[in-house]
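Trainee: Got a structure here, written out as structure tokens. Questions coming.
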Amino acid sequence: MAAAGSALRVHAARFGPGQELLGCLQSFVEERRLRAPFIITCVGSVTKATLRLANATATNTNEVLHLSGRFEIVSLVGTLNRDAHVHISLSDAEGRTVGGHVLGDLEIFTTAEVVIGEAADLHFSREMDQQTGFPELVVQTRSEVTG
């Protein structure tokens with residue numbers, strides 16, 4: 001288990017119609033050189049999304065859902081290091097929800113208002129985990145990375 005404490009810095013951003021949300025978030029993180037960023041909260045809407053579903057494994061990645069329509073973002077969570085790990089829940093016009101691991105194509109409909117936290121004393125990275133078959137989170141203190 002990887003665990004460490006840290007001070008918190010908070011950033012906020014608003015992205016607009018037609019932008020791709022995951023790419024915008026990754027650019028935001030890169031431009032500000034955030035080393036341990038994560039999503040605190042997000043509200044907004046999208047017209048497209050590509051999600052990997054819960055049944056996917058490292059050897060069966062075909063469990064993918066391509067959505068098109070108008071959806072409210074009811075939850076967006078995850079870490080935003082270079083290999084972001086983000087999950088989303090979306091609701092449709094009837095209030096039905098669907099969610100999964102974000103692969104991309106989160107095209108913003110009206111807006112996406114995002115509050116991003118940064119664990120100021122930590123550094124997030126990902127390394128392949130032989131047990132899960134996926135790149136998993138590695139948490140280090142900044143001194144371990146620069147030390």
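Each chain of the structure tokens is named A, B, ... in the order shown, its residues numbered from 1; ligands are numbered from 1 in display order.
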With 8 Å as the cut-off and only C-alpha atoms counted, what is the closest atom pair between each nearby residue of segment 79-140 of chain A and segment 25-31 of chain A? Distances in Å to one decimal, ordered by chain and number, as CSV.
Mentor:
residue,atom,partner,partner_atom,distance
A:Leu80,CA,A:Gln26,CA,6.6
A:Asn81,CA,A:Val29,CA,7.5
A:Arg82,CA,A:Gln26,CA,7.1
A:Ala84,CA,A:Gln26,CA,7.7
Trainee: Deliver the residues from the most recent selection as a file, using C-alpha atoms, as a PDB file, in the first residue's frame.
Mentor:
ATOM      1  CA  LEU A  80      -4.190  13.566 -13.284  1.00  0.00           C
ATOM      2  CA  ASN A  81      -0.528  12.702 -13.574  1.00  0.00           C
ATOM      3  CA  ARG A  82       0.833  12.099 -17.099  1.00  0.00           C
ATOM      4  CA  ALA A  84      -4.266  10.041 -15.881  1.00  0.00           C
TER       5      ALA A  84
END
Trainee: Find the residues near Phe71 of chain A: any atom within 10 Å, counting only C-alpha atoms, skip ones fewer than 3 places away on the same chain, and give them as a list of chain:residue names.
Mentor: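 Non-adjacent residues within range: A:Gly44, A:Ser45, A:Val46, A:Thr47, A:Lys48, A:Ala49, A:Leu67, A:Ser68, A:Val74, A:Ser89, A:Leu90, A:Ser91, A:Asp92, A:Ala93, A:Glu94, A:Gly95, A:Arg96, A:Thr97, A:Val98, A:Ile108, A:Phe109.
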Trainee: From segment 2-146 of chain A, collect each residue whose DSSP state is strand (DSSP E) and return the set as a PyMOL selection string.
Mentor: chain A and resi 8-15+37-52+64-79+85-91+97-119+122-128+135-141
Trainee: Tell me which of A:Gly104, A:Gly117, A:Gly99, A:Gly78 sits closest to Cys24 of chain A, counting only C-alpha atoms.
Mentor: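 For Cys24 of chain A, the nearest of the candidates is A:Gly104.
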Trainee: Which residues in chain A does DSSP call alpha helix (DSSP H)? List them as JSON, numbers by chain.
Mentor: {"A": [21, 22, 23, 24, 25, 26, 27, 28, 29, 30, 31, 32, 142, 143, 144, 145, 146]}
Trainee: Could you turn the residues from that selection into a file that holds all heavy atoms, as a compact mmCIF listing (two decimals), in the first residue's frame?
Mentor:
# COMPACT_ATOMS: atom_id res chain seq x y z
N LEU A 21 -12.40 17.40 -22.61
CA LEU A 21 -12.12 17.64 -21.20
C LEU A 21 -10.86 16.96 -20.69
O LEU A 21 -10.04 17.59 -20.02
CB LEU A 21 -13.33 17.24 -20.35
CG LEU A 21 -13.21 17.47 -18.84
CD1 LEU A 21 -12.83 18.92 -18.52
CD2 LEU A 21 -14.50 17.08 -18.15
N LEU A 22 -10.65 15.68 -20.98
CA LEU A 22 -9.47 14.99 -20.46
C LEU A 22 -8.19 15.65 -20.99
O LEU A 22 -7.25 15.90 -20.23
CB LEU A 22 -9.49 13.51 -20.81
CG LEU A 22 -8.33 12.68 -20.26
CD1 LEU A 22 -8.24 12.77 -18.73
CD2 LEU A 22 -8.45 11.23 -20.70
N GLY A 23 -8.15 15.97 -22.26
CA GLY A 23 -6.99 16.66 -22.83
C GLY A 23 -6.76 18.02 -22.21
O GLY A 23 -5.62 18.41 -21.95
N CYS A 24 -7.84 18.76 -21.96
CA CYS A 24 -7.73 20.07 -21.31
C CYS A 24 -7.14 19.94 -19.92
O CYS A 24 -6.29 20.73 -19.51
CB CYS A 24 -9.10 20.74 -21.24
SG CYS A 24 -9.72 21.38 -22.80
N LEU A 25 -7.61 18.93 -19.18
CA LEU A 25 -7.10 18.71 -17.83
C LEU A 25 -5.62 18.34 -17.85
O LEU A 25 -4.82 18.85 -17.05
CB LEU A 25 -7.91 17.64 -17.11
CG LEU A 25 -9.33 18.04 -16.72
CD1 LEU A 25 -10.12 16.84 -16.27
CD2 LEU A 25 -9.31 19.13 -15.66
N GLN A 26 -5.23 17.49 -18.78
CA GLN A 26 -3.83 17.09 -18.87
C GLN A 26 -2.95 18.27 -19.27
O GLN A 26 -1.85 18.43 -18.75
CB GLN A 26 -3.67 15.90 -19.83
CG GLN A 26 -4.24 14.63 -19.22
CD GLN A 26 -4.23 13.46 -20.16
OE1 GLN A 26 -4.67 13.57 -21.30
NE2 GLN A 26 -3.73 12.33 -19.69
N SER A 27 -3.42 19.13 -20.17
CA SER A 27 -2.67 20.33 -20.54
C SER A 27 -2.55 21.28 -19.36
O SER A 27 -1.48 21.86 -19.13
CB SER A 27 -3.36 21.05 -21.71
OG SER A 27 -3.29 20.28 -22.87
N PHE A 28 -3.64 21.45 -18.62
CA PHE A 28 -3.64 22.31 -17.43
C PHE A 28 -2.56 21.84 -16.45
O PHE A 28 -1.78 22.64 -15.92
CB PHE A 28 -5.02 22.25 -16.77
CG PHE A 28 -5.21 23.16 -15.59
CD1 PHE A 28 -5.71 24.44 -15.76
CD2 PHE A 28 -4.89 22.74 -14.30
CE1 PHE A 28 -5.89 25.29 -14.67
CE2 PHE A 28 -5.07 23.57 -13.21
CZ PHE A 28 -5.58 24.86 -13.40
N VAL A 29 -2.50 20.55 -16.21
CA VAL A 29 -1.52 19.96 -15.29
C VAL A 29 -0.10 20.16 -15.81
O VAL A 29 0.80 20.55 -15.06
CB VAL A 29 -1.84 18.46 -15.08
CG1 VAL A 29 -0.68 17.72 -14.45
CG2 VAL A 29 -3.09 18.32 -14.23
N GLU A 30 0.11 19.91 -17.09
CA GLU A 30 1.44 20.07 -17.68
C GLU A 30 1.91 21.52 -17.62
O GLU A 30 3.05 21.80 -17.25
CB GLU A 30 1.46 19.58 -19.13
CG GLU A 30 1.58 18.09 -19.26
CD GLU A 30 2.91 17.55 -18.75
OE1 GLU A 30 3.97 18.11 -19.09
OE2 GLU A 30 2.89 16.57 -17.99
N GLU A 31 1.04 22.46 -18.02
CA GLU A 31 1.40 23.88 -18.04
C GLU A 31 1.79 24.40 -16.67
O GLU A 31 2.67 25.24 -16.54
CB GLU A 31 0.24 24.71 -18.59
CG GLU A 31 0.00 24.51 -20.07
CD GLU A 31 -1.34 25.07 -20.55
OE1 GLU A 31 -2.04 25.76 -19.75
OE2 GLU A 31 -1.70 24.81 -21.71
N ARG A 32 1.15 23.88 -15.64
CA ARG A 32 1.42 24.34 -14.27
C ARG A 32 2.42 23.45 -13.55
O ARG A 32 2.74 23.67 -12.40
CB ARG A 32 0.12 24.44 -13.50
CG ARG A 32 -0.67 25.67 -13.95
CD ARG A 32 -2.14 25.54 -13.73
NE ARG A 32 -2.85 26.70 -14.29
CZ ARG A 32 -3.15 26.84 -15.57
NH1 ARG A 32 -2.83 25.92 -16.45
NH2 ARG A 32 -3.79 27.92 -16.00
N ARG A 142 8.13 14.25 -2.60
CA ARG A 142 8.97 15.01 -3.53
C ARG A 142 10.44 14.79 -3.26
O ARG A 142 11.25 14.74 -4.17
CB ARG A 142 8.63 16.49 -3.48
CG ARG A 142 7.26 16.80 -3.95
CD ARG A 142 7.26 17.63 -5.19
NE ARG A 142 5.90 17.86 -5.63
CZ ARG A 142 5.47 18.98 -6.11
NH1 ARG A 142 6.27 20.01 -6.22
NH2 ARG A 142 4.22 19.09 -6.50
N SER A 143 10.81 14.63 -1.97
CA SER A 143 12.22 14.42 -1.64
C SER A 143 12.71 13.07 -2.16
O SER A 143 13.87 12.94 -2.53
CB SER A 143 12.45 14.53 -0.13
OG SER A 143 11.71 13.55 0.56
N GLU A 144 11.84 12.06 -2.22
CA GLU A 144 12.23 10.76 -2.77
C GLU A 144 12.51 10.86 -4.28
O GLU A 144 13.39 10.20 -4.80
CB GLU A 144 11.12 9.72 -2.55
CG GLU A 144 10.97 9.27 -1.13
CD GLU A 144 9.79 8.33 -0.96
OE1 GLU A 144 8.69 8.63 -1.49
OE2 GLU A 144 9.96 7.32 -0.27
N VAL A 145 11.76 11.73 -4.96
CA VAL A 145 11.91 11.89 -6.41
C VAL A 145 13.15 12.71 -6.74
O VAL A 145 13.90 12.36 -7.64
CB VAL A 145 10.65 12.56 -7.02
CG1 VAL A 145 10.85 12.84 -8.50
CG2 VAL A 145 9.44 11.66 -6.79
N THR A 146 13.37 13.78 -5.99
CA THR A 146 14.51 14.68 -6.28
C THR A 146 15.75 14.32 -5.51
O THR A 146 16.83 14.76 -5.85
CB THR A 146 14.15 16.15 -5.97
OG1 THR A 146 13.81 16.26 -4.58
CG2 THR A 146 13.00 16.63 -6.84
Trainee: Rounded to one decimal in Å, what is the spacing between atom CA of Ala36 of chain A and atom CA of Ala4 of chain A?
Mentor: 11.5 Å
Trainee: Between A:Ala13, A:Thr79, A:Gln19, A:Asp105, which one has atoms that come closest to Arg52 of chain A, using only C-alpha atoms?
Mentor: A:Asp105
Trainee: Can you tell me, as an NGL selection string, what residues are no more than 9 Å from Asp83 of chain A when counting only C-alpha atoms, ignoring any on the same chain fewer than 5 positions away?
Mentor: :A and (26 or 125-126 or 135)
Trainee: A:Leu76, A:Ala112, A:Val102, A:Leu122: which is nearest Ser6 of chain A, counting only C-alpha atoms?
Mentor: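 Distance minimum relative to Ser6 of chain A lands on A:Leu122.
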Trainee: Compare A:Glu118, A:Glu113, A:Asp129, A:Glu107 by their minimum atom-to-atom distance to Glu20 of chain A, counting only C-alpha atoms, and give me the closest one.
Mentor: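 Of A:Glu118, A:Glu113, A:Asp129, A:Glu107, the one nearest Glu20 of chain A, counting only C-alpha atoms, is A:Glu107.
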Trainee: Quote the spacing between atom CA of Ala54 of chain A and atom CA of Ala119 of chain A in Å to one decimal place.
Mentor: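 Atom CA of Ala54 of chain A sits 27.7 Å away from atom CA of Ala119 of chain A.
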Trainee: My list of candidates is A:Phe38, A:Glu72, A:Gly100, A:Pro17. Which is closest to Leu53 of chain A when distances are computed with only C-alpha atoms?
Mentor: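 The answer is A:Gly100, which sits nearest to Leu53 of chain A.
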Trainee: At what distance in Å, to one decimal, does atom CA of Phe15 of chain A lie from atom CA of Val114 of chain A?
Mentor: 8.2 Å
